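Asks: My structure is stored as work.txt, with compact mmCIF, C-alpha atoms.
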# COMPACT_ATOMS: atom_id res chain seq x y z
CA MET A 285 -3.02 36.65 16.99
CA THR A 286 -2.79 33.83 14.47
CA ASN A 287 -1.70 34.30 10.86
CA ARG A 288 -5.17 33.30 9.73
CA ARG A 289 -6.78 36.04 11.80
CA VAL A 290 -4.24 38.54 10.51
CA VAL A 291 -5.11 37.54 6.94
CA LEU A 292 -8.84 37.82 7.58
CA LEU A 293 -8.49 41.19 9.28
CA GLY A 294 -6.22 42.36 6.47
CA ILE A 295 -8.75 41.35 3.83
CA ALA A 296 -11.54 43.06 5.73
CA ALA A 297 -9.47 46.23 6.01
CA LEU A 298 -8.65 46.11 2.31
CA VAL A 299 -12.29 45.70 1.33
CA MET A 300 -13.23 48.66 3.52
CA ALA A 301 -10.38 50.74 2.14
CA LEU A 302 -11.01 49.97 -1.52
CA GLY A 303 -14.74 50.40 -1.07
CA ALA A 304 -14.35 53.89 0.37
CA ALA A 305 -14.48 56.94 -1.86
CA PRO A 306 -11.08 58.37 -0.77
CA ALA A 307 -9.32 55.12 -1.62
CA LEU A 308 -11.09 54.77 -4.94
CA ALA A 309 -10.01 58.28 -5.74
CA GLN A 310 -6.40 57.13 -5.37
CA ILE A 311 -6.90 54.57 -8.13
CA PRO A 312 -6.59 55.93 -11.69
CA ASP A 313 -9.70 56.05 -13.86
CA LYS A 314 -7.75 54.64 -16.79
CA PHE A 315 -5.04 52.01 -16.56
CA THR A 316 -1.78 51.71 -18.48
CA ASN A 317 0.64 48.86 -19.07
CA LEU A 318 -2.12 46.24 -19.06
CA LYS A 319 -0.80 43.06 -20.67
CA VAL A 320 -3.40 40.46 -19.68
CA LEU A 321 -6.47 42.32 -18.44
CA PRO A 322 -8.65 44.16 -21.00
CA LYS A 323 -7.26 47.59 -21.76
CA ASP A 324 -10.73 49.15 -21.38
CA ILE A 325 -11.44 47.61 -17.96
CA ASP A 326 -13.21 50.02 -15.64
CA LYS A 327 -12.22 50.93 -12.11
CA ARG A 328 -14.86 48.85 -10.33
CA GLN A 329 -13.99 45.71 -12.30
CA MET A 330 -10.30 46.24 -11.55
CA VAL A 331 -10.95 46.69 -7.83
CA ASP A 332 -13.04 43.51 -7.73
CA ILE A 333 -10.26 41.51 -9.43
CA MET A 334 -7.61 42.90 -7.09
CA ARG A 335 -9.77 42.03 -4.07
CA ASP A 336 -9.92 38.44 -5.31
CA PHE A 337 -6.13 38.37 -5.63
CA THR A 338 -5.38 39.77 -2.17
CA GLY A 339 -7.95 37.55 -0.48
CA ALA A 340 -6.78 34.39 -2.20
CA LEU A 341 -3.09 34.94 -1.35
CA GLY A 342 -3.51 36.64 2.03
CA VAL A 343 -1.49 39.69 0.90
CA ARG A 344 -1.93 43.43 0.39
CA CYS A 345 -1.56 45.64 -2.68
CA ASN A 346 2.16 46.25 -2.14
CA PHE A 347 2.83 42.54 -2.67
CA CYS A 348 2.68 43.12 -6.44
CA HIS A 349 2.60 46.91 -6.79
CA VAL A 350 5.20 49.56 -6.00
CA GLY A 351 3.97 51.28 -2.86
CA GLU A 352 4.57 51.15 0.87
CA SER A 353 1.35 51.80 2.74
CA THR A 354 -1.07 48.98 3.56
CA THR A 355 -3.85 51.40 4.55
CA SER A 356 -3.65 53.92 1.73
CA LEU A 357 -2.99 53.66 -2.01
CA GLU A 358 -1.65 57.18 -2.26
CA GLY A 359 1.62 57.33 -4.19
CA TYR A 360 1.35 53.80 -5.62
CA ASP A 361 2.90 53.26 -9.05
CA PHE A 362 0.42 50.72 -10.40
CA ALA A 363 1.92 50.68 -13.91
CA SER A 364 5.41 49.72 -12.73
CA ASP A 365 6.72 46.22 -13.48
CA ALA A 366 9.51 46.50 -10.90
CA LYS A 367 8.19 43.68 -8.68
CA GLU A 368 8.60 40.07 -9.76
CA HIS A 369 5.34 39.11 -8.07
CA LYS A 370 3.45 41.22 -10.60
CA LYS A 371 5.10 39.37 -13.46
CA THR A 372 4.27 36.06 -11.80
CA ALA A 373 0.66 37.16 -11.36
CA ARG A 374 0.39 37.85 -15.09
CA ALA A 375 1.71 34.38 -15.90
CA MET A 376 -0.76 32.79 -13.46
CA MET A 377 -3.62 34.76 -15.01
CA GLN A 378 -2.65 33.50 -18.45
CA MET A 379 -2.45 29.95 -17.14
CA ALA A 380 -5.89 30.19 -15.53
CA GLY A 381 -7.29 31.69 -18.73
CA GLU A 382 -5.89 28.80 -20.77
CA ILE A 383 -7.47 26.29 -18.39
CA ASN A 384 -10.83 28.04 -18.18
CA ASP A 385 -11.24 29.13 -21.78
CA ARG A 386 -9.65 26.27 -23.70
CA LEU A 387 -8.80 23.16 -21.69
CA LEU A 388 -11.99 22.82 -19.64
CA PRO A 389 -14.30 23.30 -22.64
CA ALA A 390 -12.16 20.84 -24.64
CA ALA A 391 -12.65 18.26 -21.89
CA GLY A 392 -16.38 18.34 -22.50
CA LEU A 393 -17.24 19.11 -18.89
CA LYS A 394 -20.67 20.57 -18.22
CA SER A 395 -20.58 23.80 -16.21
CA PRO A 396 -17.10 23.20 -14.74
CA MET A 397 -15.86 25.31 -11.84
CA ARG A 398 -13.60 28.04 -13.13
CA VAL A 399 -10.03 28.05 -11.86
CA ARG A 400 -9.25 31.09 -9.72
CA CYS A 401 -6.35 32.13 -7.50
CA ILE A 402 -8.18 30.77 -4.44
CA THR A 403 -8.39 27.33 -6.10
CA CYS A 404 -4.74 26.67 -5.29
CA HIS A 405 -3.65 29.38 -2.85
CA ARG A 406 -6.46 29.18 -0.29
CA GLY A 407 -5.14 32.08 1.73
CA VAL A 408 -1.40 31.33 1.54
CA THR A 409 1.10 33.13 -0.65
CA GLU A 410 2.88 30.05 -1.97
CA PRO A 411 0.56 27.07 -2.48
CA GLU A 412 2.16 23.86 -1.25
CA THR A 413 0.68 20.66 0.11
CA LEU A 414 1.26 20.10 3.81
CA ASP A 415 2.98 16.74 3.32
CA ASP A 416 5.50 18.19 0.84
CA LEU A 417 6.16 21.12 3.15
CA LEU A 418 6.76 18.85 6.16
CA VAL A 419 9.00 16.43 4.25
CA GLU A 420 11.09 19.40 3.15
CA GLU A 421 11.22 20.63 6.76
CA ALA A 422 12.31 17.18 7.95
CA GLY A 423 15.07 17.20 5.34
CA LYS A 424 16.46 20.39 6.88
CA GLY A 425 16.07 19.68 10.58
CA GLY A 426 14.75 16.17 11.08
CA ALA A 427 11.40 14.96 12.35
CA SER A 428 11.47 17.40 15.28
CA ALA A 429 11.59 20.34 12.85
CA ALA A 430 8.69 18.87 10.89
CA GLU A 431 6.71 18.44 14.11
CA SER A 432 7.32 22.05 15.15
CA ARG A 433 6.24 23.29 11.75
CA TYR A 434 3.11 21.13 11.82
CA ARG A 435 2.08 22.45 15.22
CA GLU A 436 2.67 26.02 14.09
CA LEU A 437 0.63 25.61 10.90
CA ARG A 438 -2.16 23.74 12.66
CA LYS A 439 -2.44 26.51 15.24
CA ASP A 440 -2.62 29.19 12.56
CA TYR A 441 -4.56 27.49 9.76
CA TYR A 442 -6.64 24.62 11.14
CA GLY A 443 -10.19 24.95 9.81
CA SER A 444 -9.24 27.47 7.13
CA GLY A 445 -8.94 25.01 4.24
CA SER A 446 -5.40 26.20 3.49
CA TYR A 447 -3.85 22.84 4.39
CA ASP A 448 -5.07 19.25 4.73
CA PHE A 449 -4.80 18.33 8.41
CA SER A 450 -6.46 14.94 8.01
CA PRO A 451 -4.58 11.82 9.27
CA HIS A 452 -3.68 10.94 5.68
CA THR A 453 -1.22 13.84 5.44
CA LEU A 454 1.05 12.75 8.28
CA ASN A 455 0.71 9.12 7.15
CA GLU A 456 2.21 10.24 3.84
CA VAL A 457 5.01 12.13 5.58
CA ALA A 458 5.88 9.11 7.74
CA GLU A 459 5.88 6.77 4.76
CA THR A 460 8.20 9.07 2.85
CA LEU A 461 10.60 9.37 5.78
CA ALA A 462 10.69 5.60 6.26
CA SER A 463 10.86 4.44 2.65
CA GLU A 464 12.77 7.22 0.90
CA LYS A 465 14.82 8.77 3.71
CA LYS A 466 15.35 5.53 5.66
CA ASP A 467 14.47 7.40 8.83
CA VAL A 468 12.23 4.94 10.69
CA ASP A 469 12.64 6.68 14.04
CA GLY A 470 11.61 9.97 12.44
CA ALA A 471 8.61 8.27 10.85
CA ILE A 472 7.56 6.86 14.22
CA ALA A 473 7.81 10.34 15.76
CA VAL A 474 5.58 11.69 13.00
CA MET A 475 3.02 8.94 13.57
CA LYS A 476 2.95 9.65 17.31
CA LEU A 477 2.24 13.28 16.42
CA ASN A 478 -0.51 12.14 14.06
CA LEU A 479 -2.15 10.01 16.73
CA GLU A 480 -1.95 12.83 19.23
CA PHE A 481 -4.40 14.75 17.07
CA ASN A 482 -6.14 11.80 15.41
CA PRO A 483 -6.30 9.02 18.04
CA ASP A 484 -9.20 7.26 16.29
CA SER A 485 -7.44 6.76 12.97
CA ALA A 486 -7.11 2.98 12.54
CA GLN A 487 -4.94 3.42 9.45
CA SER A 488 -2.50 5.54 11.41
CA HIS A 489 -2.25 2.93 14.17
CA LEU A 490 -1.60 0.31 11.49
CA MET A 491 1.18 2.36 9.97
CA LEU A 492 2.72 2.83 13.40
CA ALA A 493 2.53 -0.94 13.91
CA GLN A 494 4.35 -1.51 10.63
CA LEU A 495 7.04 1.00 11.56
CA TYR A 496 7.60 -0.59 14.96
CA SER A 497 7.83 -3.99 13.27
CA THR A 498 10.41 -2.65 10.83
CA LYS A 499 12.44 -1.33 13.75
CA GLY A 500 12.20 -4.71 15.51
CA ASP A 501 9.99 -3.64 18.41
CA GLN A 502 7.40 -6.40 18.13
CA ALA A 503 5.66 -5.64 21.43
CA ALA A 504 4.98 -2.05 20.41
CA ALA A 505 3.92 -3.24 16.96
CA VAL A 506 1.39 -5.67 18.43
CA ALA A 507 -0.02 -2.97 20.72
CA ALA A 508 -0.49 -0.57 17.80
CA ALA A 509 -2.12 -3.24 15.62
CA GLU A 510 -4.45 -4.21 18.48
CA LYS A 511 -5.52 -0.58 18.80
CA ALA A 512 -6.26 -0.43 15.08
CA LEU A 513 -8.37 -3.58 15.26
CA ALA A 514 -10.24 -2.28 18.31
CA LEU A 515 -11.16 0.84 16.34
CA GLU A 516 -12.16 -1.15 13.23
CA PRO A 517 -13.01 -4.77 14.19
CA GLU A 518 -13.70 -5.71 10.55
CA ASN A 519 -10.45 -4.29 9.21
CA HIS A 520 -8.99 -7.21 7.25
CA ARG A 521 -5.52 -5.69 7.03
CA ALA A 522 -5.39 -5.17 10.79
CA LYS A 523 -6.38 -8.79 11.41
CA GLN A 524 -3.68 -10.06 9.04
CA MET A 525 -1.00 -7.83 10.50
CA LEU A 526 -1.86 -8.77 14.07
CA GLU A 527 -1.84 -12.47 13.21
CA ARG A 528 1.54 -12.13 11.54
CA LEU A 529 3.02 -10.16 14.42
CA ARG A 530 1.77 -12.60 17.05
CA SER A 531 3.18 -15.54 15.10
CA GLY A 532 6.57 -13.85 14.98
CA LYS A 533 6.80 -14.12 11.20
Would you put the structure from the file into structure tokens?
Replies:
Amino acid sequence: MTNRRVVLLGIAALVMALGAAPALAQIPDKFTNLKVLPKDIDKRQMVDIMRDFTGALGVRCNFCHVGESTTSLEGYDFASDAKEHKKTARAMMQMAGEINDRLLPAAGLKSPMRVRCITCHRGVTEPETLDDLLVEEAGKGGASAAESRYRELRKDYYGSGSYDFSPHTLNEVAETLASEKKDVDGAIAVMKLNLEFNPDSAQSHLMLAQLYSTKGDQAAAVAAAEKALALEPENHRAKQMLERLRSGK
């Protein structure tokens, strides 16, 4: 079962649990130690807010609160500040409030979308762009580690909106490896991975052509540029690159 399905099933279970009378009975009618939320918030409002949190981050109540069970709230110490995640959640709520209540109105935007947890998290606990995550992975274990991580994340999250699996992401990773890390071979491996999943991306073929040219493999560079031009016959950059490569300049 993929992580995404686990998250979705977990959210569904949480909604069922919190919507049931026995579970609601395990939640106090009055809340203490509230530092961001209104002190007079009622139980239903609190449950709705907590559902948003768990759904957005793909977690359960014990991520922030002191308690063990993921199916029952019995014995939870909701007032405790023992977990750092709860303190982080407060800071994020204050940040979102500042954006929604002051910065967005000050920008003069008409009916702007309000920032919520889901805006950044999109079902993952720690929001991070896929290109940054893969570059970090490559720094630890090379391009092969980045490839393994990409395949794992694509299997679990493709179509969920949690990460950007468009060709642009791996193009960015390859460019970073080549220009900043001086790892042209690693960049080529990343581009081959990209084209495995996105064979019709002319821009990706062009980047591969440039990488092969940098490495000195002109034949492979010409072949990649020709593929790009075949996909986009009016691509001016592809025409220029192919002309340059064929001339040997």
Asks: Please list as a PDB file with C-alpha atoms, in the coordinates of the input every residue within 12 Å of Asn346 (chain A), counting only C-alpha atoms and excluding residues in the same chain fewer than 4 positions away.
Replies:
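Produced file out24.pdb, reproduced below:
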ATOM      1  CA  LEU A 298      -8.650  46.110   2.310  1.00  0.00           C
ATOM      2  CA  MET A 334      -7.610  42.900  -7.090  1.00  0.00           C
ATOM      3  CA  PHE A 337      -6.130  38.370  -5.630  1.00  0.00           C
ATOM      4  CA  THR A 338      -5.380  39.770  -2.170  1.00  0.00           C
ATOM      5  CA  GLY A 342      -3.510  36.640   2.030  1.00  0.00           C
ATOM      6  CA  VAL A 350       5.200  49.560  -6.000  1.00  0.00           C
ATOM      7  CA  GLY A 351       3.970  51.280  -2.860  1.00  0.00           C
ATOM      8  CA  GLU A 352       4.570  51.150   0.870  1.00  0.00           C
ATOM      9  CA  SER A 353       1.350  51.800   2.740  1.00  0.00           C
ATOM     10  CA  THR A 354      -1.070  48.980   3.560  1.00  0.00           C
ATOM     11  CA  THR A 355      -3.850  51.400   4.550  1.00  0.00           C
ATOM     12  CA  SER A 356      -3.650  53.920   1.730  1.00  0.00           C
ATOM     13  CA  LEU A 357      -2.990  53.660  -2.010  1.00  0.00           C
ATOM     14  CA  GLU A 358      -1.650  57.180  -2.260  1.00  0.00           C
ATOM     15  CA  GLY A 359       1.620  57.330  -4.190  1.00  0.00           C
ATOM     16  CA  TYR A 360       1.350  53.800  -5.620  1.00  0.00           C
ATOM     17  CA  ASP A 361       2.900  53.260  -9.050  1.00  0.00           C
ATOM     18  CA  PHE A 362       0.420  50.720 -10.400  1.00  0.00           C
ATOM     19  CA  SER A 364       5.410  49.720 -12.730  1.00  0.00           C
ATOM     20  CA  ALA A 366       9.510  46.500 -10.900  1.00  0.00           C
ATOM     21  CA  LYS A 367       8.190  43.680  -8.680  1.00  0.00           C
ATOM     22  CA  GLU A 368       8.600  40.070  -9.760  1.00  0.00           C
ATOM     23  CA  HIS A 369       5.340  39.110  -8.070  1.00  0.00           C
ATOM     24  CA  LYS A 370       3.450  41.220 -10.600  1.00  0.00           C
TER      25      LYS A 370
END
Asks: Could you please determine the separation between CA of Ile402 (chain A) and CA of Ala340 (chain A) in Å, to one decimal place?
Replies: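 Between these atoms lies a distance of 4.5 Å.
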Asks: Expressed in Å to a single decimal, how great is the separation between CA of His489 (chain A) and CA of Ser463 (chain A)?
Replies: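 Between CA of His489 (chain A) and CA of Ser463 (chain A) the gap works out to 17.5 Å.
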Asks: State, in Å with one decimal place, the distance from CA of Ala512 (chain A) to CA of Leu477 (chain A).
Replies: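 Those two atoms sit 16.2 Å apart.
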